[in-house]
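What follows is my_file-v4.pdb (PDB, C-alpha atoms).
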```
ATOM      1  CA  MET A 210    -128.654  27.668 125.038
ATOM      2  CA  LYS A 211    -125.331  29.012 126.234
ATOM      3  CA  VAL A 212    -124.372  32.668 126.331
ATOM      4  CA  THR A 213    -121.070  34.159 127.456
ATOM      5  CA  ILE A 214    -120.959  37.324 129.547
ATOM      6  CA  ARG A 215    -117.669  39.196 129.797
ATOM      7  CA  CYS A 216    -117.288  41.741 132.583
ATOM      8  CA  TYR A 217    -114.983  44.693 133.057
ATOM      9  CA  ALA A 218    -113.792  46.749 136.042
ATOM     10  CA  ARG A 219    -115.850  46.309 139.214
ATOM     11  CA  PHE A 220    -118.304  43.992 137.432
ATOM     12  CA  ARG A 221    -115.368  41.684 136.831
ATOM     13  CA  ASP A 222    -114.445  41.832 140.528
ATOM     14  CA  ALA A 223    -118.010  40.883 141.455
ATOM     15  CA  PHE A 224    -118.948  38.325 138.765
ATOM     16  CA  GLY A 225    -115.676  37.112 137.265
ATOM     17  CA  GLU A 226    -113.994  37.941 133.977
ATOM     18  CA  GLU A 227    -116.146  35.682 131.845
ATOM     19  CA  GLN A 228    -119.053  33.411 132.644
ATOM     20  CA  GLU A 229    -120.946  31.025 130.409
ATOM     21  CA  ILE A 230    -124.562  30.848 131.483
ATOM     22  CA  ASP A 231    -127.374  28.518 130.497
ATOM     23  CA  LEU A 232    -130.617  30.149 129.415
ATOM     24  CA  PRO A 233    -133.880  28.816 127.984
ATOM     25  CA  PRO A 234    -134.506  29.530 124.274
ATOM     26  CA  GLY A 235    -136.102  32.915 123.675
ATOM     27  CA  SER A 236    -134.237  34.570 126.547
ATOM     28  CA  THR A 237    -133.304  38.228 126.243
ATOM     29  CA  VAL A 238    -130.233  40.302 127.109
ATOM     30  CA  ARG A 239    -132.105  41.391 130.252
ATOM     31  CA  ASP A 240    -132.683  37.754 131.279
ATOM     32  CA  ALA A 241    -128.966  37.063 130.848
ATOM     33  CA  VAL A 242    -127.960  40.038 133.026
ATOM     34  CA  ILE A 243    -130.456  39.040 135.743
ATOM     35  CA  THR A 244    -129.149  35.459 135.676
ATOM     36  CA  LEU A 245    -125.570  36.704 135.990
ATOM     37  CA  ALA A 246    -126.520  39.036 138.858
ATOM     38  CA  LYS A 247    -127.807  36.033 140.839
ATOM     39  CA  THR A 248    -124.410  34.308 140.647
ATOM     40  CA  GLY A 249    -122.675  36.750 142.998
ATOM     41  CA  PRO A 250    -123.318  38.494 146.311
ATOM     42  CA  ASP A 251    -123.409  41.940 144.648
ATOM     43  CA  ALA A 252    -126.533  41.546 142.487
ATOM     44  CA  GLU A 253    -127.536  45.131 143.276
ATOM     45  CA  LEU A 254    -124.559  46.369 141.269
ATOM     46  CA  LEU A 255    -126.356  45.194 138.119
ATOM     47  CA  VAL A 256    -130.074  45.227 138.921
ATOM     48  CA  ASP A 257    -132.450  47.004 141.303
ATOM     49  CA  ASP A 258    -135.089  45.387 143.546
ATOM     50  CA  ALA A 259    -137.545  45.212 140.617
ATOM     51  CA  GLN A 260    -134.911  43.364 138.549
ATOM     52  CA  ASN A 261    -134.422  46.325 136.226
ATOM     53  CA  ILE A 262    -130.885  46.740 134.908
ATOM     54  CA  ARG A 263    -129.297  49.795 136.490
ATOM     55  CA  SER A 264    -129.094  52.820 134.199
ATOM     56  CA  TYR A 265    -125.301  53.072 134.417
ATOM     57  CA  VAL A 266    -124.646  49.535 133.129
ATOM     58  CA  MET A 267    -123.046  49.702 129.687
ATOM     59  CA  ILE A 268    -124.101  46.688 127.639
ATOM     60  CA  MET A 269    -122.405  45.713 124.401
ATOM     61  CA  TYR A 270    -124.011  43.105 122.185
ATOM     62  CA  HIS A 271    -122.942  42.365 118.599
ATOM     63  CA  ASP A 272    -120.630  45.418 118.736
ATOM     64  CA  GLU A 273    -123.544  47.724 119.516
ATOM     65  CA  ARG A 274    -124.435  49.468 122.727
ATOM     66  CA  ILE A 275    -127.746  48.353 124.186
ATOM     67  CA  SER A 276    -129.672  50.630 126.516
ATOM     68  CA  PRO A 277    -130.644  48.862 129.779
ATOM     69  CA  ILE A 278    -134.251  49.854 128.992
ATOM     70  CA  ASP A 279    -134.147  48.004 125.654
ATOM     71  CA  ALA A 280    -132.346  44.907 126.971
ATOM     72  CA  GLY A 281    -135.653  43.046 127.425
ATOM     73  CA  LEU A 282    -136.469  43.458 123.733
ATOM     74  CA  ILE A 283    -133.381  41.742 122.361
ATOM     75  CA  THR A 284    -133.575  37.985 121.983
ATOM     76  CA  LEU A 285    -130.349  36.030 122.326
ATOM     77  CA  ALA A 286    -129.009  33.173 120.225
ATOM     78  CA  ASP A 287    -126.862  30.242 121.334
ATOM     79  CA  GLY A 288    -123.172  31.228 121.521
ATOM     80  CA  ASP A 289    -123.798  34.968 121.878
ATOM     81  CA  LEU A 290    -121.402  37.237 123.759
ATOM     82  CA  ILE A 291    -122.540  40.090 125.986
ATOM     83  CA  ILE A 292    -120.054  42.598 127.425
ATOM     84  CA  LEU A 293    -120.822  44.564 130.592
ATOM     85  CA  PHE A 294    -118.925  47.638 131.720
ATOM     86  CA  PRO A 295    -119.550  50.158 134.497
ATOM     87  CA  PRO A 296    -118.394  53.703 133.730
ATOM     88  CA  VAL A 297    -115.301  54.265 135.872
ATOM     89  CA  SER A 298    -114.749  57.641 137.471
ATOM     90  CA  GLY A 299    -111.265  57.915 138.939
ATOM     91  CA  GLY A 300    -108.590  60.217 137.640
TER      92      GLY A 300
ATOM     93  CA  MET B  86     -86.615  65.536 106.706
ATOM     94  CA  LYS B  87     -83.927  65.200 104.020
ATOM     95  CA  GLY B  88     -82.809  68.543 102.688
ATOM     96  CA  GLU B  89     -85.094  70.449 105.058
ATOM     97  CA  LYS B  90     -83.499  73.275 106.991
ATOM     98  CA  PRO B  91     -83.854  72.555 110.722
ATOM     99  CA  LEU B  92     -86.199  74.991 112.467
ATOM    100  CA  TYR B  93     -84.960  74.192 115.932
ATOM    101  CA  LYS B  94     -81.632  75.116 117.404
ATOM    102  CA  SER B  95     -81.638  72.146 119.763
ATOM    103  CA  SER B  96     -82.152  68.509 118.902
ATOM    104  CA  ARG B  97     -84.970  68.281 121.452
ATOM    105  CA  PHE B  98     -87.605  67.267 118.920
ATOM    106  CA  GLU B  99     -85.486  65.482 116.335
ATOM    107  CA  ARG B 100     -87.001  62.073 117.109
ATOM    108  CA  GLN B 101     -90.575  63.277 116.529
ATOM    109  CA  LEU B 102     -90.090  65.720 113.659
ATOM    110  CA  PRO B 103     -90.012  62.858 111.117
ATOM    111  CA  LEU B 104     -93.498  61.902 112.391
ATOM    112  CA  ILE B 105     -95.275  65.237 112.583
ATOM    113  CA  GLY B 106     -93.030  67.504 110.507
ATOM    114  CA  SER B 107     -91.957  71.020 111.380
ATOM    115  CA  GLU B 108     -95.471  72.196 110.558
ATOM    116  CA  GLY B 109     -96.919  69.819 113.142
ATOM    117  CA  GLN B 110     -94.296  70.883 115.653
ATOM    118  CA  LYS B 111     -95.205  74.516 115.063
ATOM    119  CA  LYS B 112     -98.884  73.684 115.635
ATOM    120  CA  LEU B 113     -98.038  72.107 118.993
ATOM    121  CA  GLU B 114     -95.946  75.138 119.907
ATOM    122  CA  ASN B 115     -98.804  77.507 119.080
ATOM    123  CA  SER B 116    -101.411  75.522 121.042
ATOM    124  CA  THR B 117    -102.911  75.832 124.493
ATOM    125  CA  VAL B 118    -104.103  72.706 126.280
ATOM    126  CA  LEU B 119    -106.266  72.870 129.387
ATOM    127  CA  ILE B 120    -105.609  69.931 131.709
ATOM    128  CA  ALA B 121    -108.253  69.601 134.407
ATOM    129  CA  GLY B 122    -106.685  67.598 137.216
ATOM    130  CA  ALA B 123    -103.040  67.235 138.217
ATOM    131  CA  GLY B 124    -103.461  63.713 139.531
ATOM    132  CA  GLY B 125    -103.132  60.204 138.104
ATOM    133  CA  LEU B 126    -104.290  61.029 134.566
ATOM    134  CA  GLY B 127    -102.992  64.597 134.614
ATOM    135  CA  SER B 128     -99.450  63.462 135.413
ATOM    136  CA  PRO B 129     -98.783  61.450 132.219
ATOM    137  CA  ALA B 130    -100.983  63.675 130.050
ATOM    138  CA  ALA B 131     -99.284  66.918 131.093
ATOM    139  CA  THR B 132     -95.805  65.399 131.031
ATOM    140  CA  TYR B 133     -96.053  63.986 127.502
ATOM    141  CA  LEU B 134     -97.654  67.142 126.134
ATOM    142  CA  ALA B 135     -95.011  69.388 127.686
ATOM    143  CA  LEU B 136     -92.254  67.106 126.394
ATOM    144  CA  ALA B 137     -93.848  67.036 122.927
ATOM    145  CA  GLY B 138     -93.506  70.818 122.731
ATOM    146  CA  VAL B 139     -97.037  72.082 123.407
ATOM    147  CA  GLY B 140     -96.573  75.826 123.826
ATOM    148  CA  GLU B 141     -98.948  76.438 126.698
ATOM    149  CA  ILE B 142    -100.428  74.150 129.317
ATOM    150  CA  ILE B 143    -103.049  75.377 131.754
ATOM    151  CA  ILE B 144    -103.231  72.979 134.687
ATOM    152  CA  VAL B 145    -106.074  73.188 137.193
ATOM    153  CA  ASP B 146    -106.428  71.399 140.517
ATOM    154  CA  ASP B 147    -107.578  72.697 143.882
ATOM    155  CA  ASP B 148    -106.237  69.766 145.923
ATOM    156  CA  ASN B 149    -103.156  69.486 148.066
ATOM    157  CA  ILE B 150    -100.771  66.551 147.612
ATOM    158  CA  GLN B 151    -101.317  63.618 149.956
ATOM    159  CA  GLU B 152     -98.937  60.733 150.512
ATOM    160  CA  SER B 153    -101.547  58.306 149.138
ATOM    161  CA  ASN B 154    -101.356  60.124 145.750
ATOM    162  CA  LEU B 155     -97.743  59.139 145.202
ATOM    163  CA  ASN B 156     -98.343  55.635 143.772
ATOM    164  CA  ARG B 157     -99.484  57.264 140.529
ATOM    165  CA  GLN B 158     -99.156  61.055 140.530
ATOM    166  CA  PHE B 159     -95.570  61.416 139.395
ATOM    167  CA  LEU B 160     -95.779  65.163 138.848
ATOM    168  CA  HIS B 161     -95.361  65.317 142.623
ATOM    169  CA  SER B 162     -92.591  64.038 144.876
ATOM    170  CA  ALA B 163     -92.558  62.828 148.484
ATOM    171  CA  ALA B 164     -91.046  66.177 149.464
ATOM    172  CA  SER B 165     -94.086  67.983 148.027
ATOM    173  CA  VAL B 166     -96.721  66.400 150.283
ATOM    174  CA  GLY B 167     -99.012  69.151 151.569
ATOM    175  CA  ARG B 168     -98.233  71.512 148.675
ATOM    176  CA  ARG B 169    -100.840  72.603 146.105
ATOM    177  CA  LYS B 170    -100.913  70.097 143.244
ATOM    178  CA  ALA B 171    -101.221  72.831 140.614
ATOM    179  CA  TYR B 172     -98.017  74.557 141.761
ATOM    180  CA  SER B 173     -96.100  71.313 142.176
ATOM    181  CA  ALA B 174     -97.147  70.303 138.649
ATOM    182  CA  GLU B 175     -96.046  73.688 137.351
ATOM    183  CA  SER B 176     -92.559  73.297 138.903
ATOM    184  CA  THR B 177     -92.088  69.757 137.574
ATOM    185  CA  LEU B 178     -93.269  70.639 134.067
ATOM    186  CA  HIS B 179     -90.996  73.718 133.998
ATOM    187  CA  GLU B 180     -88.020  71.511 134.790
ATOM    188  CA  LEU B 181     -88.960  68.994 132.103
ATOM    189  CA  ALA B 182     -89.819  71.526 129.403
ATOM    190  CA  PRO B 183     -88.337  74.961 130.182
ATOM    191  CA  ASP B 184     -89.677  76.494 126.959
ATOM    192  CA  ALA B 185     -93.315  75.641 127.670
ATOM    193  CA  SER B 186     -95.557  78.189 129.314
ATOM    194  CA  ILE B 187     -97.225  76.492 132.283
ATOM    195  CA  ILE B 188    -100.133  78.274 133.920
ATOM    196  CA  ALA B 189    -101.216  76.839 137.271
ATOM    197  CA  HIS B 190    -104.677  77.460 138.704
ATOM    198  CA  PRO B 191    -105.200  76.022 142.210
ATOM    199  CA  ILE B 192    -108.950  76.604 141.929
ATOM    200  CA  ARG B 193    -112.144  74.587 141.977
ATOM    201  CA  ILE B 194    -113.869  74.022 138.648
ATOM    202  CA  ASP B 195    -117.403  75.378 138.819
ATOM    203  CA  ARG B 196    -119.692  76.818 136.130
ATOM    204  CA  THR B 197    -118.051  80.268 136.326
ATOM    205  CA  SER B 198    -114.408  79.164 136.383
ATOM    206  CA  ALA B 199    -115.009  76.495 133.710
ATOM    207  CA  ARG B 200    -116.349  79.098 131.278
ATOM    208  CA  GLN B 201    -113.251  81.243 131.772
ATOM    209  CA  LEU B 202    -110.786  78.350 131.608
ATOM    210  CA  VAL B 203    -112.023  76.888 128.306
ATOM    211  CA  ARG B 204    -112.030  80.317 126.664
ATOM    212  CA  ASP B 205    -108.235  80.332 126.411
ATOM    213  CA  ALA B 206    -107.797  76.689 125.366
ATOM    214  CA  ASP B 207    -107.704  74.852 122.031
ATOM    215  CA  ILE B 208    -108.589  71.518 123.638
ATOM    216  CA  VAL B 209    -109.429  70.138 127.087
ATOM    217  CA  ILE B 210    -108.164  67.025 128.852
ATOM    218  CA  ASP B 211    -110.553  65.600 131.419
ATOM    219  CA  ALA B 212    -108.234  64.220 134.089
ATOM    220  CA  LEU B 213    -110.848  64.705 136.787
ATOM    221  CA  ASP B 214    -112.011  62.233 139.408
ATOM    222  CA  ASN B 215    -115.771  62.828 139.552
ATOM    223  CA  TYR B 216    -118.640  63.151 137.092
ATOM    224  CA  GLU B 217    -120.203  66.245 138.637
ATOM    225  CA  THR B 218    -117.167  68.350 137.681
ATOM    226  CA  ARG B 219    -116.747  66.467 134.403
ATOM    227  CA  PHE B 220    -120.225  67.496 133.244
ATOM    228  CA  ILE B 221    -119.605  71.146 134.205
ATOM    229  CA  LEU B 222    -116.333  71.275 132.255
ATOM    230  CA  HIS B 223    -117.688  69.266 129.319
ATOM    231  CA  ASP B 224    -120.680  71.589 128.951
ATOM    232  CA  SER B 225    -118.393  74.654 128.899
ATOM    233  CA  ALA B 226    -116.060  73.070 126.316
ATOM    234  CA  TRP B 227    -119.047  72.089 124.157
ATOM    235  CA  ALA B 228    -120.433  75.640 124.353
ATOM    236  CA  VAL B 229    -117.250  77.105 122.842
ATOM    237  CA  GLY B 230    -116.840  74.217 120.391
ATOM    238  CA  ILE B 231    -113.531  72.765 121.577
ATOM    239  CA  PRO B 232    -112.726  69.043 121.918
ATOM    240  CA  TYR B 233    -112.984  67.348 125.299
ATOM    241  CA  ILE B 234    -110.756  64.323 125.802
ATOM    242  CA  HIS B 235    -112.458  62.181 128.406
ATOM    243  CA  GLY B 236    -110.549  59.608 130.419
ATOM    244  CA  ALA B 237    -111.337  57.751 133.638
ATOM    245  CA  ILE B 238    -109.794  54.880 135.582
ATOM    246  CA  GLU B 239    -110.504  52.376 138.339
ATOM    247  CA  GLY B 240    -108.350  49.504 139.505
ATOM    248  CA  PHE B 241    -106.800  47.888 136.460
ATOM    249  CA  SER B 242    -109.388  49.350 134.036
ATOM    250  CA  GLY B 243    -109.854  52.556 132.142
ATOM    251  CA  GLN B 244    -111.987  54.266 129.526
ATOM    252  CA  LEU B 245    -111.389  56.992 126.992
ATOM    253  CA  THR B 246    -113.222  58.863 124.261
ATOM    254  CA  SER B 247    -112.694  62.127 122.395
ATOM    255  CA  ILE B 248    -115.779  64.320 122.332
ATOM    256  CA  ILE B 249    -115.833  66.788 119.459
ATOM    257  CA  PRO B 250    -118.757  69.245 119.543
ATOM    258  CA  GLY B 251    -120.986  68.918 116.490
ATOM    259  CA  LYS B 252    -119.269  65.722 115.362
ATOM    260  CA  SER B 253    -119.628  63.230 118.205
ATOM    261  CA  PRO B 254    -122.140  62.332 120.896
ATOM    262  CA  CYS B 255    -121.807  64.354 124.099
ATOM    263  CA  LEU B 256    -120.765  63.136 127.547
ATOM    264  CA  SER B 257    -124.404  62.827 128.643
ATOM    265  CA  CYS B 258    -125.096  60.512 125.680
ATOM    266  CA  LEU B 259    -122.183  58.376 126.815
ATOM    267  CA  ILE B 260    -122.790  58.383 130.560
ATOM    268  CA  PRO B 261    -126.500  58.409 131.432
ATOM    269  CA  GLY B 262    -125.794  57.358 135.018
ATOM    270  CA  THR B 263    -122.858  56.585 137.276
ATOM    271  CA  PRO B 264    -122.289  53.740 139.720
ATOM    272  CA  PRO B 265    -122.014  54.451 143.465
ATOM    273  CA  GLY B 266    -118.785  56.319 144.321
ATOM    274  CA  GLY B 267    -116.382  55.843 147.215
ATOM    275  CA  LYS B 268    -112.642  55.537 147.550
ATOM    276  CA  ILE B 269    -111.442  53.989 144.314
ATOM    277  CA  PRO B 270    -108.434  51.667 144.238
ATOM    278  CA  VAL B 271    -106.051  52.175 141.338
ATOM    279  CA  ILE B 272    -102.718  50.904 140.069
ATOM    280  CA  GLY B 273    -100.480  53.736 138.885
ATOM    281  CA  ALA B 274     -99.805  52.068 135.545
ATOM    282  CA  THR B 275    -103.548  52.188 134.721
ATOM    283  CA  ALA B 276    -103.432  55.972 135.007
ATOM    284  CA  GLY B 277    -100.235  55.893 132.930
ATOM    285  CA  VAL B 278    -101.918  54.053 130.052
ATOM    286  CA  ILE B 279    -105.092  56.146 129.870
ATOM    287  CA  GLY B 280    -103.375  59.491 130.598
ATOM    288  CA  SER B 281    -100.791  58.798 127.879
ATOM    289  CA  MET B 282    -103.569  57.938 125.434
ATOM    290  CA  GLN B 283    -105.256  61.247 126.282
ATOM    291  CA  ALA B 284    -101.993  63.026 125.412
ATOM    292  CA  MET B 285    -101.908  61.053 122.145
ATOM    293  CA  GLU B 286    -105.449  62.179 121.274
ATOM    294  CA  VAL B 287    -104.417  65.800 121.827
ATOM    295  CA  ILE B 288    -101.285  65.443 119.681
ATOM    296  CA  LYS B 289    -103.335  63.854 116.877
ATOM    297  CA  PHE B 290    -105.932  66.610 117.037
ATOM    298  CA  LEU B 291    -103.465  69.506 117.146
ATOM    299  CA  THR B 292    -101.230  68.167 114.380
ATOM    300  CA  GLY B 293    -104.089  66.815 112.249
ATOM    301  CA  THR B 294    -102.676  63.278 112.143
ATOM    302  CA  GLY B 295    -104.259  59.865 112.680
ATOM    303  CA  THR B 296    -107.811  59.014 113.653
ATOM    304  CA  MET B 297    -109.361  60.239 116.872
ATOM    305  CA  ILE B 298    -111.225  57.885 119.205
ATOM    306  CA  THR B 299    -114.505  59.611 118.500
ATOM    307  CA  GLY B 300    -118.003  58.118 118.534
ATOM    308  CA  ARG B 301    -116.618  55.109 120.378
ATOM    309  CA  LEU B 302    -115.538  54.463 123.926
ATOM    310  CA  LEU B 303    -112.297  52.597 124.498
ATOM    311  CA  ILE B 304    -112.653  50.160 127.357
ATOM    312  CA  TRP B 305    -109.266  48.890 128.502
ATOM    313  CA  ASP B 306    -108.520  46.178 131.042
ATOM    314  CA  GLY B 307    -104.917  45.787 132.120
ATOM    315  CA  LEU B 308    -105.525  42.653 134.139
ATOM    316  CA  SER B 309    -106.676  40.560 131.186
ATOM    317  CA  GLY B 310    -104.881  42.603 128.518
ATOM    318  CA  ARG B 311    -108.232  43.054 126.739
ATOM    319  CA  SER B 312    -109.701  46.140 125.194
ATOM    320  CA  GLU B 313    -113.018  46.802 123.456
ATOM    321  CA  TYR B 314    -114.509  49.681 121.568
ATOM    322  CA  LEU B 315    -118.096  50.467 122.440
ATOM    323  CA  LYS B 316    -119.832  52.289 119.604
ATOM    324  CA  ILE B 317    -121.637  55.303 121.004
ATOM    325  CA  GLY B 318    -124.411  57.083 119.203
ATOM    326  CA  ARG B 319    -126.535  60.034 120.211
ATOM    327  CA  ARG B 320    -128.884  58.902 122.955
ATOM    328  CA  LYS B 321    -132.581  59.296 122.339
ATOM    329  CA  ASN B 322    -133.921  62.023 124.627
ATOM    330  CA  CYS B 323    -130.441  63.196 125.693
ATOM    331  CA  HIS B 324    -131.295  66.365 127.633
ATOM    332  CA  PHE B 325    -127.980  68.050 126.768
ATOM    333  CA  CYS B 326    -128.068  67.398 123.010
ATOM    334  CA  SER B 327    -131.699  68.453 122.718
ATOM    335  CA  ASP B 328    -131.018  71.655 124.699
ATOM    336  CA  HIS B 329    -128.110  72.459 122.370
ATOM    337  CA  GLY B 330    -129.953  71.861 119.131
ATOM    338  CA  GLU B 331    -128.019  68.728 118.151
TER     339      GLU B 331
END
```
The structure in this file should be written as structure tokens.
Amino acid sequence: MKVTIRCYARFRDAFGEEQEIDLPPGSTVRDAVITLAKTGPDAELLVDDAQNIRSYVMIMYHDERISPIDAGLITLADGDLIILFPPVSGG
Amino acid sequence: MKGEKPLYKSSRFERQLPLIGSEGQKKLENSTVLIAGAGGLGSPAATYLALAGVGEIIIVDDDNIQESNLNRQFLHSAASVGRRKAYSAESTLHELAPDASIIAHPIRIDRTSARQLVRDADIVIDALDNYETRFILHDSAWAVGIPYIHGAIEGFSGQLTSIIPGKSPCLSCLIPGTPPGGKIPVIGATAGVIGSMQAMEVIKFLTGTGTMITGRLLIWDGLSGRSEYLKIGRRKNCHFCSDHGE
């Protein structure tokens, strides 16, 4: 199945504005983020060494915010959109 | 405003009185806004609030102006490099809005100063550049029950939400962790967009018009022209909310 991931701010700089990724059926939001992380040289921006999504990653799925801890519990469907945003800090 | 006797001798506010009425204008005049940071976000926020007729602006920043600030911090001029940002902001705002009371504090925001600063304010604008200070100021604003208008920028992107104690999730619910810091690149216009929206949130709150961006985080990207709203609820096990009985 195909899932689109849209990135903002420094995630966009690292992984592109939007990527369509191929995932096996039954994949979760966490699987999608890990797959995206592998497409760029800055994987550690999104996941740690144990492939856990970093706590600061804001994930939006179906207009709801998903906690990185719960991302492995949410199963994706073909055509889904996931939005990733890092909190920005400048003023 | 047909048939209404003008309250103001000058025509300074005649283009906004049809929108907020003389009652709204009076509310702005009787309000005090604390602006934490006289930098990229503080410049548009303070300027538009002073021009709108806010009666008192308290502006806090302990930095001195550097040349590298000048791509976005238009409260300060090239001739002001080296000067305290708070005082430079005070001078510029006085020139723009001579009737406004501008109080400049060139001090660091810590737990003690934050408690004193929020005491005199009706609302706070977070125009800061780091989360450590943001959490200190947010916690003080929450403790006295005044709104905290959060904004932040990086590159071509920005975020904004209005935190209203007792009605919305707190800053800790919104930001459980922050990415690694460092010197952040930014286009001045990004600060202009988010800082102006912070001023708009304050005007809406003080005049009781419109709908605040509360319980949702605006994510704005200037490069693609996209924006999203991220719904934010109270986070399970949020240490701040549970400590404050929310």
* To do: Within 9 Å of segment 228-239 of chain B, counting only C-alpha atoms, which residues show up once you throw out same-chain ones fewer than 5 positions away? Write them as a count of residues only, please.
  => 49
* Would you kindly translate the ChimeraX specification (/B :<10) & /A into the concrete residues it picks from this file, as a list in words? => Cys216, Tyr217, Ala218, Arg219, Asp222, Glu226, Leu254, Leu255, Arg263, Ser264, Tyr265, Val266, Met267, Ile268, Met269, Tyr270, Asp272, Glu273, Arg274, Ile275, Ser276, Ile292, Phe294, Pro295, Pro296, Val297, Ser298, Gly299 and Gly300 of chain A
* Would you work out the distance separating atom CA of Asn156 of chain B from atom CA of Gly273 of chain B, expressed in Å to one decimal? =>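 Computing the Euclidean distance for atom CA of Asn156 of chain B and atom CA of Gly273 of chain B yields 5.7 Å.
Counting from atom CA of Lys289 of chain B, the distance to atom CA of Gly109 of chain B is 9.5 Å.
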* Result set, the PyMOL selection byres ((chain B and resi 185) around 10) on current file, as number ranges by chain -> B: 114, 134-142, 178-184, 186-188
Tell me, as an mmCIF file with C-alpha atoms, in the frame of the given file, which residues lie within 8 Å of Ile143 of chain B, counting all atoms listed in the file; anything in the same chain fewer than 2 positions away does not count.
```
data_model
loop_
_atom_site.group_PDB
_atom_site.id
_atom_site.type_symbol
_atom_site.label_atom_id
_atom_site.label_comp_id
_atom_site.auth_asym_id
_atom_site.auth_seq_id
_atom_site.Cartn_x
_atom_site.Cartn_y
_atom_site.Cartn_z
ATOM 1 C CA THR B 117 -102.911 75.832 124.493
ATOM 2 C CA VAL B 118 -104.103 72.706 126.280
ATOM 3 C CA LEU B 119 -106.266 72.870 129.387
ATOM 4 C CA ILE B 120 -105.609 69.931 131.709
ATOM 5 C CA GLU B 141 -98.948 76.438 126.698
ATOM 6 C CA VAL B 145 -106.074 73.188 137.193
ATOM 7 C CA ILE B 187 -97.225 76.492 132.283
ATOM 8 C CA ILE B 188 -100.133 78.274 133.920
ATOM 9 C CA ALA B 189 -101.216 76.839 137.271
ATOM 10 C CA HIS B 190 -104.677 77.460 138.704
#
```
* Could you work out how far atom CA of Asp328 of chain B lies from atom CA of Ser257 of chain B, giving the answer in Å with one decimal? -> 11.7 Å
* List the residues matched by the PyMOL selection byres ((chain A and resi 240-252) around 10) in the displayed structure as a ChimeraX atom specification, ordered by chain and then by residue number. => /A:211-214,220,222-225,228-233,235-239,253-258,260-262,268,277,280-281,283-285,291,293
Can you report as lines of an AutoDock Vina configuration file the centre and edge lengths in Å, to one decimal, of an axis-aligned box around the listed atoms of segment 284-299 of chain A padded with 4 Å on each side?
```
center_x = -122.4
center_y = 44.1
center_z = 129.6
size_x = 30.3
size_y = 35.7
size_z = 26.7
```
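Taking all atoms listed in the file into account, the residues near (-96.3, 59.9, 130.7), no farther than 8 Å, are Ser128, Pro129, Ala130, Ala131, Thr132, Tyr133, Gly277, Gly280 and Ser281 of chain B.
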* Please provide as a ChimeraX atom specification all residues within 10 Å of Thr292 of chain B, with the sequence filter that same-chain residues fewer than 2 positions apart are discarded (counting all atoms listed in the file). => /B:105-106,108-113,116,287-290,294-295
